[in-house]
Amino acid sequence: MCKCLCICSDWLINICRRKKELKARTVWLGCPEKCEEKYPKNAIKNQKYNVFTFIPGVLYEQFKFFLNLYFLVVSCSQFVPALKIGYLYTYWAPLGFVLTVTVVREAVDEFRRYKRDKEMNSQLYSKLTNQRIPSDMVFLRTSEKTGSCFIRTDQLDGETDWKLKVAVSCTQRLPALGDLFSINAYVYAQKPQLDIHSFEGTFTREDSDPAVHESLSIENTLWASTVVASGTVIGVVIYTGKETRSVLNTSNPKNKVGLLDLELNQLTKALFLALVALSVVMVTLQGFVGPWYRNLFRFLLLFSYIIPISLRVNLDMGKAAYGWMIMKDDNIPGTVVRTSTIPEELGRLVYLLTDKTGTLTQNEMIFKRLHLGTVSYGTDTMDEIQSHIINSYSQGSFPPPPPPQLKPQSSAPKVRKSVSSRIHEAVKAIALCHNVTPVYESRAGVSGETEYAEVDQDFSDENRTYQASSPDEVALVQWTESVGLTLVNRDLTSMQLKTPGGHILTYYILQIFPFTSESKRMGIIVRDESSGEITFYMKGADVAMSTIVQYNDWLEEECGNMAREGLRTLVVAKKSLTEEQYQDFESRYNQAKLSIHDRNLKVAAVVESLEREMELLCLTGVEDQLQADVRPTLEMLRNAGIKIWMLTGDKLETATCIAKSSHLVSRTQDIHIFRPVTTRGEAHLELNAFRRKHDCALVISGDSLEVCLKYYEHEFVELACQCPAVVCCRCSPTQKAHIVKLLQHHTGKRTCAIGDGGNDVSMIQAADCGIGIEGKEGKQASLAADFSITQFKHIGRLLMVHGRNSYKRSAALGQFVMHRGLIISTMQAVFSSVFYFASVPLYQGFLMVGYATIYTMFPVFSLVLDQDVKPEMALLYPELYKDLTKLLMVALTIRTWHWLMVVAEFLSLGCYVASLAFLNEYFDVAFITTVTFLWKVSAITVVSCLPLYILKYLKRKFSPPSYSKLTS
């Protein structure tokens with residue numbers, strides 16, 4: 001019978017836990033009734049609980065700590081008559097107060113999440129509601145005011161992935177949107193998956209003759225945070241809710257618990273052992289007479305105040321106060337505390353892991369260098385390029401196009417091009433090979449509906465801005481504009497360039513091969529309207545392009561030179577195609593794109609057939625400038641004893657240069673560049689070479705890091721942790737999170753991760769303390785982090801001032817609360833000893849509750865205002881961060897008397913005096929007003945405090961804290 005019940009329960013659990021199997025789908029345009037499957041509701045939900053799980057969830061989070069669980073057991077024991085010590089509220093009132101504060105705080109946070117979700121799920125866009133289901137049609141226009149509509153699925157439409165620009169046919173255009181609903185067409189889409197860089201689907205129209213079959217890929221999709229730069233978009237919903245890729249790629253962040261909370265939980269267990277030992281001693285001295293086991297349990301209840309029930313609520317209220325102070329600090333404006341449970345972690349950090357682009361640098365690219373092989377142009381010689389471009393396009397006489405590239409003949413002599421023609425080809429290639437769209441602002445003062453936004457746009461040069469997925473591409477297009485070749489218009493099929501003389505050159509876009517992290521390059525095939533010439537342009541990283549371009553002897557060397565200057569490099573190449581070559585390629589390419597199985601491999605193979613012996617045009621270098629005050633901030637963190645690791649996806653040379661220029665690596669330190677390794681033997685030899693180095697920074701690539709961690713994880717981490725700084729380049733987001741977990745596992749130290757982009761989210765969530773920067777890559781990192789700042793330099797004050805104060809104040813607060821519990825428990829032990837070890841309480845009823853709450857709460861909580869040194873001193877001497885002094889006597893460690901502390905002392909005294917009037921049955925008023933009472937209290941206070949004052953004086957005399965000279 002029991003076996004059957006176990007089998008049934010296991011079956012029910014598996015049924016509840018089983019996730020819905022994701023499948024490929026066929027979505028009919030505008031016909032949701034044809035969809036057989038039920039799809040998830042399209043709405044954001046960031047709430048942790050629902051109506052049924054809120055109370056159980058909050059209680060579980062509280063009672064998983066030993067402190068609260070112990071007091072729950074103690075409070076429940078008061079329902080047993082033989083164990084009852086006093087009134088029930090003596091134990092249940094403090095516990096109820098703690099739980100009430102916790103439940104109210106969680107309810108407020110949950111309500112804020114609910115309001116934020118509701119606001120985002122009911123935005124103004126009537127077409128975009130949380131009722132969207134697959135097959136629904138959507139019609140999007142650009143914003144009336146800005147000329148660009150930021151369709152963020154996490155803000156405007158819950159969680160919807162939009163299928164964009166579903167073409168009816170390559171040659172047919174519908175006259176109106178209504179016609180699109182009358183056609184018989186469907187989209188076949190792959191099942192929802194994690195990969196955000198690929199999509200496979202097909203579009204089929206059955207009511208035409210012949211039937212239309214077209215391939216759909218990632219270029220036809222619009223994910224979250226995509227910008228609709230110009231024009232309008234007609235789309236059909238494919239994925240909604242939990243099936244969108246943004247949700248599938250979002251892992252549930254771990255519930256972060258501060259190290260201080262864990263230490264206090266362990267200390268609570270130690271106090272419990274002391275409590276048990278004291279109770280056993282009392283029963284032993286009593287002689288085990290009568291029902292000694294009942295007396296043992298009564299002593300456990302009498303001395304239970306050794307473990308303070310109000311400890312956690314005091315700490316939680318203190319943390320809320322620290323968070324409020326951080327957000328109100330005018331010196332770090334815009335800082336947001338998103339997690340109020342770990343502010344003291346900011347004062348205990350040992351490792352800081354930081355992203356580079358957008359975090360240490362501004363993510364604002366400036367074109368710095370153009371290299372043509374024999375000649376190089378910098379910022380001071382750009383006027384020469386401009387004059388060459390003006391001469392090339394002067395008086396409307398454009399340079400004649402070179403003949404299409406045919407099969408090279410061995411006997412044909414190579415004609416060396418002039419510098420002017422090479423510059424012209426390079427600039428034209430840069431102006432054409434990109435995914436940038438020019439955007440024009442609407443005319444000022446125009447009001448009306450969004451539908452008229454395009455009509456009201458001002459197409460003058462002053463109103464033009466550029467939109468692109470990468471700031472590198474915008475920098476390149478802005479540079480071509482500065483030298484005379486301007487991108488003025490772009491749509492799906494063409495782009496237009498304006499020459500220095502004002503002539504418009506039109507190029508038809510035949511194919512686009514977008515940049516991916518795997519290919520590390522992007523390409524475009526265009527046809528010149530005037531000459532009919534077909535040209536294949538490509539640009540990409542040197543590692544990807546070096547095998548594609550024709551043989552040369554300067555590319556590798558110049559890439560290294562630019563990287564050492566801190567420039568991000570791109571190699572630009574071209575290939576001329578005949579009409580027959582392109583038609584052959586197009587047929588093979590379209591056939592590969594219609595494949596359902598292994599589409600990516602087949603498409604890549606067709607494209608690679610073009611990527612052979614391309615003509616190398618130029619090498620470009622753009623600079624990503626450092627953020628403000630990065631150098632002094634990193635130097636401050638290093639002086640504070642924090643080891644800094646930079647994790648970036650850039651190439652080794654660029655990362656090394658930024659590490660030097662930002663002073664991540666000090667000028668006196670050497671740098672050990674870890675050689676590329678692929679085998680266990682190579683990793684062993686390189687680790688031995690690295691072991692012989694001392695006090696040098698380490699630079700290692702992601703591939704070599706993977707090999708070392710696979711075979712020598714412990715040895716590598718041990719050596720890397722001894723380095724003052726570590727730079728990991730060519731790092732993937734998964735590797736960043738893995739490095740954080742490695743440091744946590746092998747060192748046990750507290751880690752902090754800071755970044756600004758979506759690729760930093762996993763690292764931020766894995767770290768003990770995550771800090772996000774609101775940058776040009778959006779708010780994804782900021783929203784996922786525990787703390788959000790606007791600039792990297794603010795991290796100095798966040799750690800040195802607020803982190804240090806939060807940790808010291810929480811430590812002092814915890815010790816004060818424990819000290820308060822020890823006082824009452826010691827008095828109870830003395831009282832029981834004097835009265836023949838009787839297990840009766842010293843104080844009755846409300847006095848026990850009042851002591852732990854009203855009488856002592858205000859002075860103890862006022863410790864959140866204490867500070868040992870001024871913020872300016874903490875920033876000037878960051879060494880104080882790593883030298884947090886241990887508290888000797890908690891009652892005498894106040895360093896700065898804030899006026900609110902004095903108010904708290906008098907408020908507490910007032911509560912006690914008021915108790916004398918309203919609770920006269922608990923007090924002997926006649927005795928309290930006598931001189932005998934006053935001198936006895938004074939004598940006891942002196943005897944209690946004098947030895948501690950003496951010890952404190954001796955400690956400050958012979959072992960003064962590091963900040964003593966600063967405060968004198």
# chains A, B, ... in the order shown; residues from 1 in each chain; ligands from 1
call {"tool": "residues_around", "arguments": {"residues": "Val726 (chain A)", "least_positions_apart": "6", "cutoff": "7 Å", "atoms": "only C-alpha atoms", "output": "PyMOL selection string"}}
result
chain A and resi 644-646+697-699
call {"tool": "write_last_selection", "arguments": {"atoms": "N, CA, C and O atoms", "output": "PDB file, in the first residue's frame"}}
result
ATOM      1  N   ILE A 644      41.446  43.321  -9.525  1.00  0.00           N
ATOM      2  CA  ILE A 644      40.547  43.636 -10.638  1.00  0.00           C
ATOM      3  C   ILE A 644      40.851  42.718 -11.816  1.00  0.00           C
ATOM      4  O   ILE A 644      42.000  42.608 -12.248  1.00  0.00           O
ATOM      5  N   TRP A 645      39.810  42.070 -12.330  1.00  0.00           N
ATOM      6  CA  TRP A 645      39.904  41.229 -13.522  1.00  0.00           C
ATOM      7  C   TRP A 645      39.051  41.876 -14.610  1.00  0.00           C
ATOM      8  O   TRP A 645      37.897  42.208 -14.378  1.00  0.00           O
ATOM      9  N   MET A 646      39.641  42.049 -15.791  1.00  0.00           N
ATOM     10  CA  MET A 646      38.903  42.601 -16.927  1.00  0.00           C
ATOM     11  C   MET A 646      38.550  41.475 -17.883  1.00  0.00           C
ATOM     12  O   MET A 646      39.432  40.768 -18.378  1.00  0.00           O
ATOM     13  N   ALA A 697      50.993  41.072 -14.149  1.00  0.00           N
ATOM     14  CA  ALA A 697      49.609  40.888 -14.584  1.00  0.00           C
ATOM     15  C   ALA A 697      49.541  39.800 -15.655  1.00  0.00           C
ATOM     16  O   ALA A 697      50.499  39.578 -16.400  1.00  0.00           O
ATOM     17  N   LEU A 698      48.407  39.147 -15.713  1.00  0.00           N
ATOM     18  CA  LEU A 698      48.208  38.045 -16.663  1.00  0.00           C
ATOM     19  C   LEU A 698      47.218  38.467 -17.736  1.00  0.00           C
ATOM     20  O   LEU A 698      46.172  39.044 -17.442  1.00  0.00           O
ATOM     21  N   VAL A 699      47.560  38.165 -18.993  1.00  0.00           N
ATOM     22  CA  VAL A 699      46.653  38.374 -20.124  1.00  0.00           C
ATOM     23  C   VAL A 699      46.483  37.027 -20.822  1.00  0.00           C
ATOM     24  O   VAL A 699      47.466  36.411 -21.240  1.00  0.00           O
TER      25      VAL A 699
END
call {"tool": "residues_around", "arguments": {"residues": "Leu370 (chain A)", "least_positions_apart": "5", "cutoff": "12 Å", "atoms": "only C-alpha atoms", "output": "number ranges by chain"}}
result
A: 375-382, 384-385, 422-423, 426-427, 430, 476, 479-480, 558-559, 562, 567-572, 617-622
call {"tool": "residues_around", "arguments": {"residues": "Val630 (chain A)", "least_positions_apart": "4", "cutoff": "9 Å", "atoms": "only C-alpha atoms", "output": "list in words"}}
result
Leu360, Thr361, Leu626, Leu634, Glu635, Ser662, His663, Phe792 and Lys793 of chain A
call {"tool": "residues_around", "arguments": {"residues": "region 498-508 of chain A", "least_positions_apart": "3", "cutoff": "9 Å", "atoms": "only C-alpha atoms", "output": "list in words"}}
result
Ile389, Ile390, Tyr393, Ser394, Gln395, Gly396, Leu432, Glu481, Val483, Gly484, Leu485, Thr486, Leu487, Val488, Thr493, Ser494, Met495, Ile525, Val526, Arg527, Asp528, Glu529 and Ser530 of chain A
call {"tool": "write_last_selection", "arguments": {"atoms": "N, CA and C atoms", "output": "PDB file, in the first residue's frame"}}
result
ATOM      1  N   ILE A 389      38.818  62.650 -52.371  1.00  0.00           N
ATOM      2  CA  ILE A 389      37.422  62.323 -52.665  1.00  0.00           C
ATOM      3  C   ILE A 389      36.779  63.442 -53.488  1.00  0.00           C
ATOM      4  N   ILE A 390      37.068  64.686 -53.126  1.00  0.00           N
ATOM      5  CA  ILE A 390      36.510  65.818 -53.882  1.00  0.00           C
ATOM      6  C   ILE A 390      37.001  65.791 -55.327  1.00  0.00           C
ATOM      7  N   TYR A 393      35.220  63.010 -57.432  1.00  0.00           N
ATOM      8  CA  TYR A 393      33.837  63.264 -57.821  1.00  0.00           C
ATOM      9  C   TYR A 393      33.640  64.690 -58.345  1.00  0.00           C
ATOM     10  N   SER A 394      34.713  65.369 -58.693  1.00  0.00           N
ATOM     11  CA  SER A 394      34.594  66.771 -59.122  1.00  0.00           C
ATOM     12  C   SER A 394      33.918  66.885 -60.478  1.00  0.00           C
ATOM     13  N   GLN A 395      33.109  67.901 -60.625  1.00  0.00           N
ATOM     14  CA  GLN A 395      32.458  68.270 -61.889  1.00  0.00           C
ATOM     15  C   GLN A 395      31.649  67.119 -62.472  1.00  0.00           C
ATOM     16  N   GLY A 396      31.199  66.224 -61.583  1.00  0.00           N
ATOM     17  CA  GLY A 396      30.325  65.145 -62.045  1.00  0.00           C
ATOM     18  C   GLY A 396      31.028  64.070 -62.811  1.00  0.00           C
ATOM     19  N   LEU A 432      29.411  51.853 -48.136  1.00  0.00           N
ATOM     20  CA  LEU A 432      28.380  50.924 -48.603  1.00  0.00           C
ATOM     21  C   LEU A 432      28.244  49.675 -47.746  1.00  0.00           C
ATOM     22  N   GLU A 481      31.060  60.563 -44.155  1.00  0.00           N
ATOM     23  CA  GLU A 481      30.359  61.837 -44.332  1.00  0.00           C
ATOM     24  C   GLU A 481      31.321  63.011 -44.166  1.00  0.00           C
ATOM     25  N   VAL A 483      34.443  63.118 -44.860  1.00  0.00           N
ATOM     26  CA  VAL A 483      35.394  63.247 -45.972  1.00  0.00           C
ATOM     27  C   VAL A 483      34.687  63.469 -47.302  1.00  0.00           C
ATOM     28  N   GLY A 484      33.339  63.522 -47.301  1.00  0.00           N
ATOM     29  CA  GLY A 484      32.647  63.941 -48.519  1.00  0.00           C
ATOM     30  C   GLY A 484      31.656  62.959 -49.101  1.00  0.00           C
ATOM     31  N   LEU A 485      31.594  61.708 -48.628  1.00  0.00           N
ATOM     32  CA  LEU A 485      30.662  60.731 -49.196  1.00  0.00           C
ATOM     33  C   LEU A 485      29.621  60.407 -48.131  1.00  0.00           C
ATOM     34  N   THR A 486      28.389  60.890 -48.322  1.00  0.00           N
ATOM     35  CA  THR A 486      27.376  60.873 -47.268  1.00  0.00           C
ATOM     36  C   THR A 486      26.265  59.886 -47.586  1.00  0.00           C
ATOM     37  N   LEU A 487      25.906  59.073 -46.602  1.00  0.00           N
ATOM     38  CA  LEU A 487      24.749  58.191 -46.717  1.00  0.00           C
ATOM     39  C   LEU A 487      23.502  59.013 -46.406  1.00  0.00           C
ATOM     40  N   VAL A 488      22.620  59.172 -47.398  1.00  0.00           N
ATOM     41  CA  VAL A 488      21.458  60.048 -47.221  1.00  0.00           C
ATOM     42  C   VAL A 488      20.147  59.283 -47.154  1.00  0.00           C
ATOM     43  N   THR A 493      15.875  47.735 -50.189  1.00  0.00           N
ATOM     44  CA  THR A 493      16.411  47.328 -51.491  1.00  0.00           C
ATOM     45  C   THR A 493      17.476  48.246 -52.047  1.00  0.00           C
ATOM     46  N   SER A 494      17.698  49.421 -51.447  1.00  0.00           N
ATOM     47  CA  SER A 494      18.667  50.348 -52.040  1.00  0.00           C
ATOM     48  C   SER A 494      19.213  51.289 -50.982  1.00  0.00           C
ATOM     49  N   MET A 495      20.299  51.951 -51.338  1.00  0.00           N
ATOM     50  CA  MET A 495      20.835  53.035 -50.519  1.00  0.00           C
ATOM     51  C   MET A 495      21.376  54.106 -51.448  1.00  0.00           C
ATOM     52  N   ILE A 525      26.232  42.708 -51.149  1.00  0.00           N
ATOM     53  CA  ILE A 525      26.372  42.732 -52.607  1.00  0.00           C
ATOM     54  C   ILE A 525      25.478  43.848 -53.135  1.00  0.00           C
ATOM     55  N   VAL A 526      26.071  44.797 -53.892  1.00  0.00           N
ATOM     56  CA  VAL A 526      25.326  45.944 -54.393  1.00  0.00           C
ATOM     57  C   VAL A 526      25.520  46.061 -55.909  1.00  0.00           C
ATOM     58  N   ARG A 527      24.540  46.708 -56.549  1.00  0.00           N
ATOM     59  CA  ARG A 527      24.617  46.990 -57.990  1.00  0.00           C
ATOM     60  C   ARG A 527      24.567  48.503 -58.181  1.00  0.00           C
ATOM     61  N   ASP A 528      25.550  49.023 -58.864  1.00  0.00           N
ATOM     62  CA  ASP A 528      25.597  50.454 -59.167  1.00  0.00           C
ATOM     63  C   ASP A 528      24.545  50.773 -60.220  1.00  0.00           C
ATOM     64  N   GLU A 529      23.638  51.718 -59.912  1.00  0.00           N
ATOM     65  CA  GLU A 529      22.555  52.041 -60.835  1.00  0.00           C
ATOM     66  C   GLU A 529      23.093  52.605 -62.148  1.00  0.00           C
ATOM     67  N   SER A 530      24.130  53.420 -62.096  1.00  0.00           N
ATOM     68  CA  SER A 530      24.610  54.094 -63.305  1.00  0.00           C
ATOM     69  C   SER A 530      25.386  53.154 -64.215  1.00  0.00           C
TER      70      SER A 530
END
call {"tool": "atom_distance", "arguments": {"atom1": "CA of His434 (chain A)", "atom2": "CA of Arg564 (chain A)"}}
result
25.6 Å
call {"tool": "residues_around", "arguments": {"residues": "Arg588 (chain A)", "least_positions_apart": "6", "cutoff": "12 Å", "atoms": "only C-alpha atoms", "output": "PyMOL selection string"}}
result
chain A and resi 581-582+594-595+602-610
call {"tool": "closest_residue", "arguments": {"among": "A:Ile789, A:Ala189, A:Leu799, A:Ala573", "to": "Val336 (chain A)", "atoms": "only C-alpha atoms"}}
result
A:Ile789
call {"tool": "select_by_dssp", "arguments": {"residues": "region 730-867 of chain A", "states": "strand (DSSP E or B)", "output": "PyMOL selection string"}}
result
chain A and resi 750-755+769-773+775+778+787-789
call {"tool": "write_last_selection", "arguments": {"atoms": "all heavy atoms", "output": "CSV table (one decimal), in the first residue's frame"}}
result
chain,number,residue,atom,x,y,z
A,750,ARG,N,34.6,37.3,-1.6
A,750,ARG,CA,33.4,37.9,-2.2
A,750,ARG,C,33.8,38.6,-3.5
A,750,ARG,O,34.8,39.2,-3.6
A,750,ARG,CB,32.8,39.0,-1.2
A,750,ARG,CG,32.6,38.5,0.2
A,750,ARG,CD,31.9,37.2,0.2
A,750,ARG,NE,30.4,37.3,0.1
A,750,ARG,CZ,29.6,36.3,0.1
A,750,ARG,NH1,30.1,35.1,0.1
A,750,ARG,NH2,28.3,36.5,-0.1
A,751,THR,N,32.9,38.4,-4.5
A,751,THR,CA,33.2,38.8,-5.8
A,751,THR,C,32.1,39.9,-6.2
A,751,THR,O,31.0,39.8,-5.8
A,751,THR,CB,33.2,37.7,-6.8
A,751,THR,OG1,31.9,37.1,-6.8
A,751,THR,CG2,34.2,36.7,-6.5
A,752,CYS,N,32.5,40.8,-7.1
A,752,CYS,CA,31.7,41.8,-7.6
A,752,CYS,C,31.8,41.9,-9.1
A,752,CYS,O,33.0,41.8,-9.6
A,752,CYS,CB,31.9,43.2,-7.0
A,752,CYS,SG,31.0,44.5,-7.7
A,753,ALA,N,30.8,41.9,-9.9
A,753,ALA,CA,30.8,42.0,-11.3
A,753,ALA,C,30.1,43.3,-11.8
A,753,ALA,O,29.1,43.6,-11.3
A,753,ALA,CB,30.2,40.8,-12.0
A,754,ILE,N,30.7,44.0,-12.7
A,754,ILE,CA,30.2,45.2,-13.2
A,754,ILE,C,30.2,45.2,-14.7
A,754,ILE,O,31.2,44.8,-15.4
A,754,ILE,CB,30.9,46.4,-12.7
A,754,ILE,CG1,30.3,47.7,-13.2
A,754,ILE,CG2,32.4,46.4,-12.9
A,754,ILE,CD1,30.9,49.0,-12.5
A,755,GLY,N,29.1,45.6,-15.4
A,755,GLY,CA,29.0,45.6,-16.8
A,755,GLY,C,27.8,46.5,-17.3
A,755,GLY,O,27.1,47.0,-16.4
A,769,CYS,N,27.9,40.3,-5.7
A,769,CYS,CA,27.3,41.6,-5.8
A,769,CYS,C,27.4,42.1,-7.2
A,769,CYS,O,28.5,42.1,-7.8
A,769,CYS,CB,28.1,42.6,-4.8
A,769,CYS,SG,27.6,44.3,-4.9
A,770,GLY,N,26.3,42.4,-7.8
A,770,GLY,CA,26.3,42.8,-9.2
A,770,GLY,C,26.0,44.2,-9.4
A,770,GLY,O,25.0,44.7,-8.8
A,771,ILE,N,26.8,44.9,-10.2
A,771,ILE,CA,26.6,46.3,-10.5
A,771,ILE,C,26.4,46.6,-12.0
A,771,ILE,O,27.2,46.1,-12.8
A,771,ILE,CB,27.8,47.2,-10.0
A,771,ILE,CG1,28.0,47.0,-8.5
A,771,ILE,CG2,27.6,48.7,-10.3
A,771,ILE,CD1,29.2,47.7,-7.9
A,772,GLY,N,25.3,47.2,-12.3
A,772,GLY,CA,25.1,47.5,-13.7
A,772,GLY,C,25.2,49.0,-14.1
A,772,GLY,O,24.9,49.8,-13.2
A,773,ILE,N,25.6,49.3,-15.2
A,773,ILE,CA,25.8,50.6,-15.7
A,773,ILE,C,24.8,50.9,-16.8
A,773,ILE,O,24.7,50.1,-17.8
A,773,ILE,CB,27.2,50.9,-16.2
A,773,ILE,CG1,28.2,50.7,-15.1
A,773,ILE,CG2,27.3,52.3,-16.8
A,773,ILE,CD1,29.7,51.0,-15.6
A,775,GLY,N,24.1,52.1,-20.0
A,775,GLY,CA,24.9,52.6,-21.1
A,775,GLY,C,24.1,52.6,-22.4
A,775,GLY,O,22.9,52.5,-22.5
A,778,GLY,N,21.7,49.7,-23.6
A,778,GLY,CA,20.4,49.5,-23.0
A,778,GLY,C,20.4,49.3,-21.5
A,778,GLY,O,21.5,49.6,-20.9
A,787,PHE,N,22.8,46.7,-7.9
A,787,PHE,CA,23.0,48.1,-7.8
A,787,PHE,C,23.2,48.7,-9.2
A,787,PHE,O,23.9,48.1,-10.0
A,787,PHE,CB,24.2,48.5,-6.9
A,787,PHE,CG,24.2,47.9,-5.5
A,787,PHE,CD1,24.7,46.7,-5.2
A,787,PHE,CD2,23.6,48.7,-4.5
A,787,PHE,CE1,24.6,46.2,-4.0
A,787,PHE,CE2,23.5,48.1,-3.2
A,787,PHE,CZ,24.1,46.9,-3.0
A,788,SER,N,22.6,49.8,-9.5
A,788,SER,CA,22.7,50.4,-10.8
A,788,SER,C,23.4,51.8,-10.7
A,788,SER,O,22.9,52.6,-9.8
A,788,SER,CB,21.3,50.6,-11.4
A,788,SER,OG,21.4,51.3,-12.6
A,789,ILE,N,24.4,52.1,-11.5
A,789,ILE,CA,25.1,53.3,-11.4
A,789,ILE,C,25.1,53.9,-12.9
A,789,ILE,O,24.8,53.2,-13.8
A,789,ILE,CB,26.5,53.2,-10.9
A,789,ILE,CG1,27.4,52.3,-11.7
A,789,ILE,CG2,26.5,52.8,-9.4
A,789,ILE,CD1,28.8,52.2,-11.2
call {"tool": "residues_around", "arguments": {"residues": "region 206-208 of chain A", "least_positions_apart": "3", "cutoff": "8 Å", "atoms": "only C-alpha atoms", "output": "PyMOL selection string"}}
result
chain A and resi 183-185+211-212
call {"tool": "write_last_selection", "arguments": {"atoms": "N, CA, C and O atoms", "output": "JSON list (two decimals), in the first residue's frame"}}
result
[["chain", "number", "residue", "atom", "x", "y", "z"],
["A", 183, "ILE", "N", -5.23, 37.48, -48.13],
["A", 183, "ILE", "CA", -4.47, 36.47, -48.84],
["A", 183, "ILE", "C", -4.45, 35.19, -48.04],
["A", 183, "ILE", "O", -4.64, 35.17, -46.83],
["A", 184, "ASN", "N", -4.20, 34.10, -48.74],
["A", 184, "ASN", "CA", -4.10, 32.78, -48.10],
["A", 184, "ASN", "C", -2.62, 32.44, -47.99],
["A", 184, "ASN", "O", -2.02, 31.90, -48.92],
["A", 185, "ALA", "N", -2.03, 32.78, -46.83],
["A", 185, "ALA", "CA", -0.59, 32.59, -46.65],
["A", 185, "ALA", "C", -0.30, 32.18, -45.22],
["A", 185, "ALA", "O", -1.10, 32.43, -44.31],
["A", 211, "ALA", "N", 2.48, 29.20, -56.75],
["A", 211, "ALA", "CA", 2.57, 29.45, -55.31],
["A", 211, "ALA", "C", 3.93, 30.07, -54.97],
["A", 211, "ALA", "O", 4.94, 29.75, -55.59],
["A", 212, "VAL", "N", 3.92, 30.96, -53.98],
["A", 212, "VAL", "CA", 5.14, 31.67, -53.57],
["A", 212, "VAL", "C", 5.77, 30.97, -52.38],
["A", 212, "VAL", "O", 5.09, 30.69, -51.39]]
call {"tool": "closest_residue", "arguments": {"among": "A:Ile307, A:Ile854, A:Leu577, A:Leu302", "to": "Ala914 (chain A)", "atoms": "only C-alpha atoms"}}
result
A:Ile854
call {"tool": "atom_distance", "arguments": {"atom1": "CA of Ser217 (chain A)", "atom2": "CA of Cys731 (chain A)"}}
result
26.8 Å
call {"tool": "closest_residue", "arguments": {"among": "A:Gly287, A:Gly96, A:Pro56, A:Pro40", "to": "Glu243 (chain A)", "atoms": "only C-alpha atoms"}}
result
A:Pro40
call {"tool": "closest_residue", "arguments": {"among": "A:Leu88, A:Ile658, A:Ile238, A:Leu301", "to": "Thr357 (chain A)", "atoms": "only C-alpha atoms"}}
result
A:Ile658
call {"tool": "atom_distance", "arguments": {"atom1": "CA of Ala829 (chain A)", "atom2": "CA of Cys945 (chain A)"}}
result
19.7 Å
call {"tool": "closest_residue", "arguments": {"among": "A:Arg294, A:Lys48, A:Lys736, A:Arg612", "to": "Thr354 (chain A)", "atoms": "only C-alpha atoms"}}
result
A:Lys736
call {"tool": "closest_residue", "arguments": {"among": "A:Tyr711, A:Gly532, A:Met827, A:Thr341", "to": "Glu579 (chain A)", "atoms": "only C-alpha atoms"}}
result
A:Gly532
call {"tool": "select_by_dssp", "arguments": {"residues": "region 528-739 of chain A", "states": "helix (DSSP H, G or I)", "output": "VMD selection string"}}
result
chain A and resid 542 to 545 555 to 564 579 to 593 599 to 608 630 to 639 652 to 661 680 to 691 702 to 711 713 to 721 733 to 739
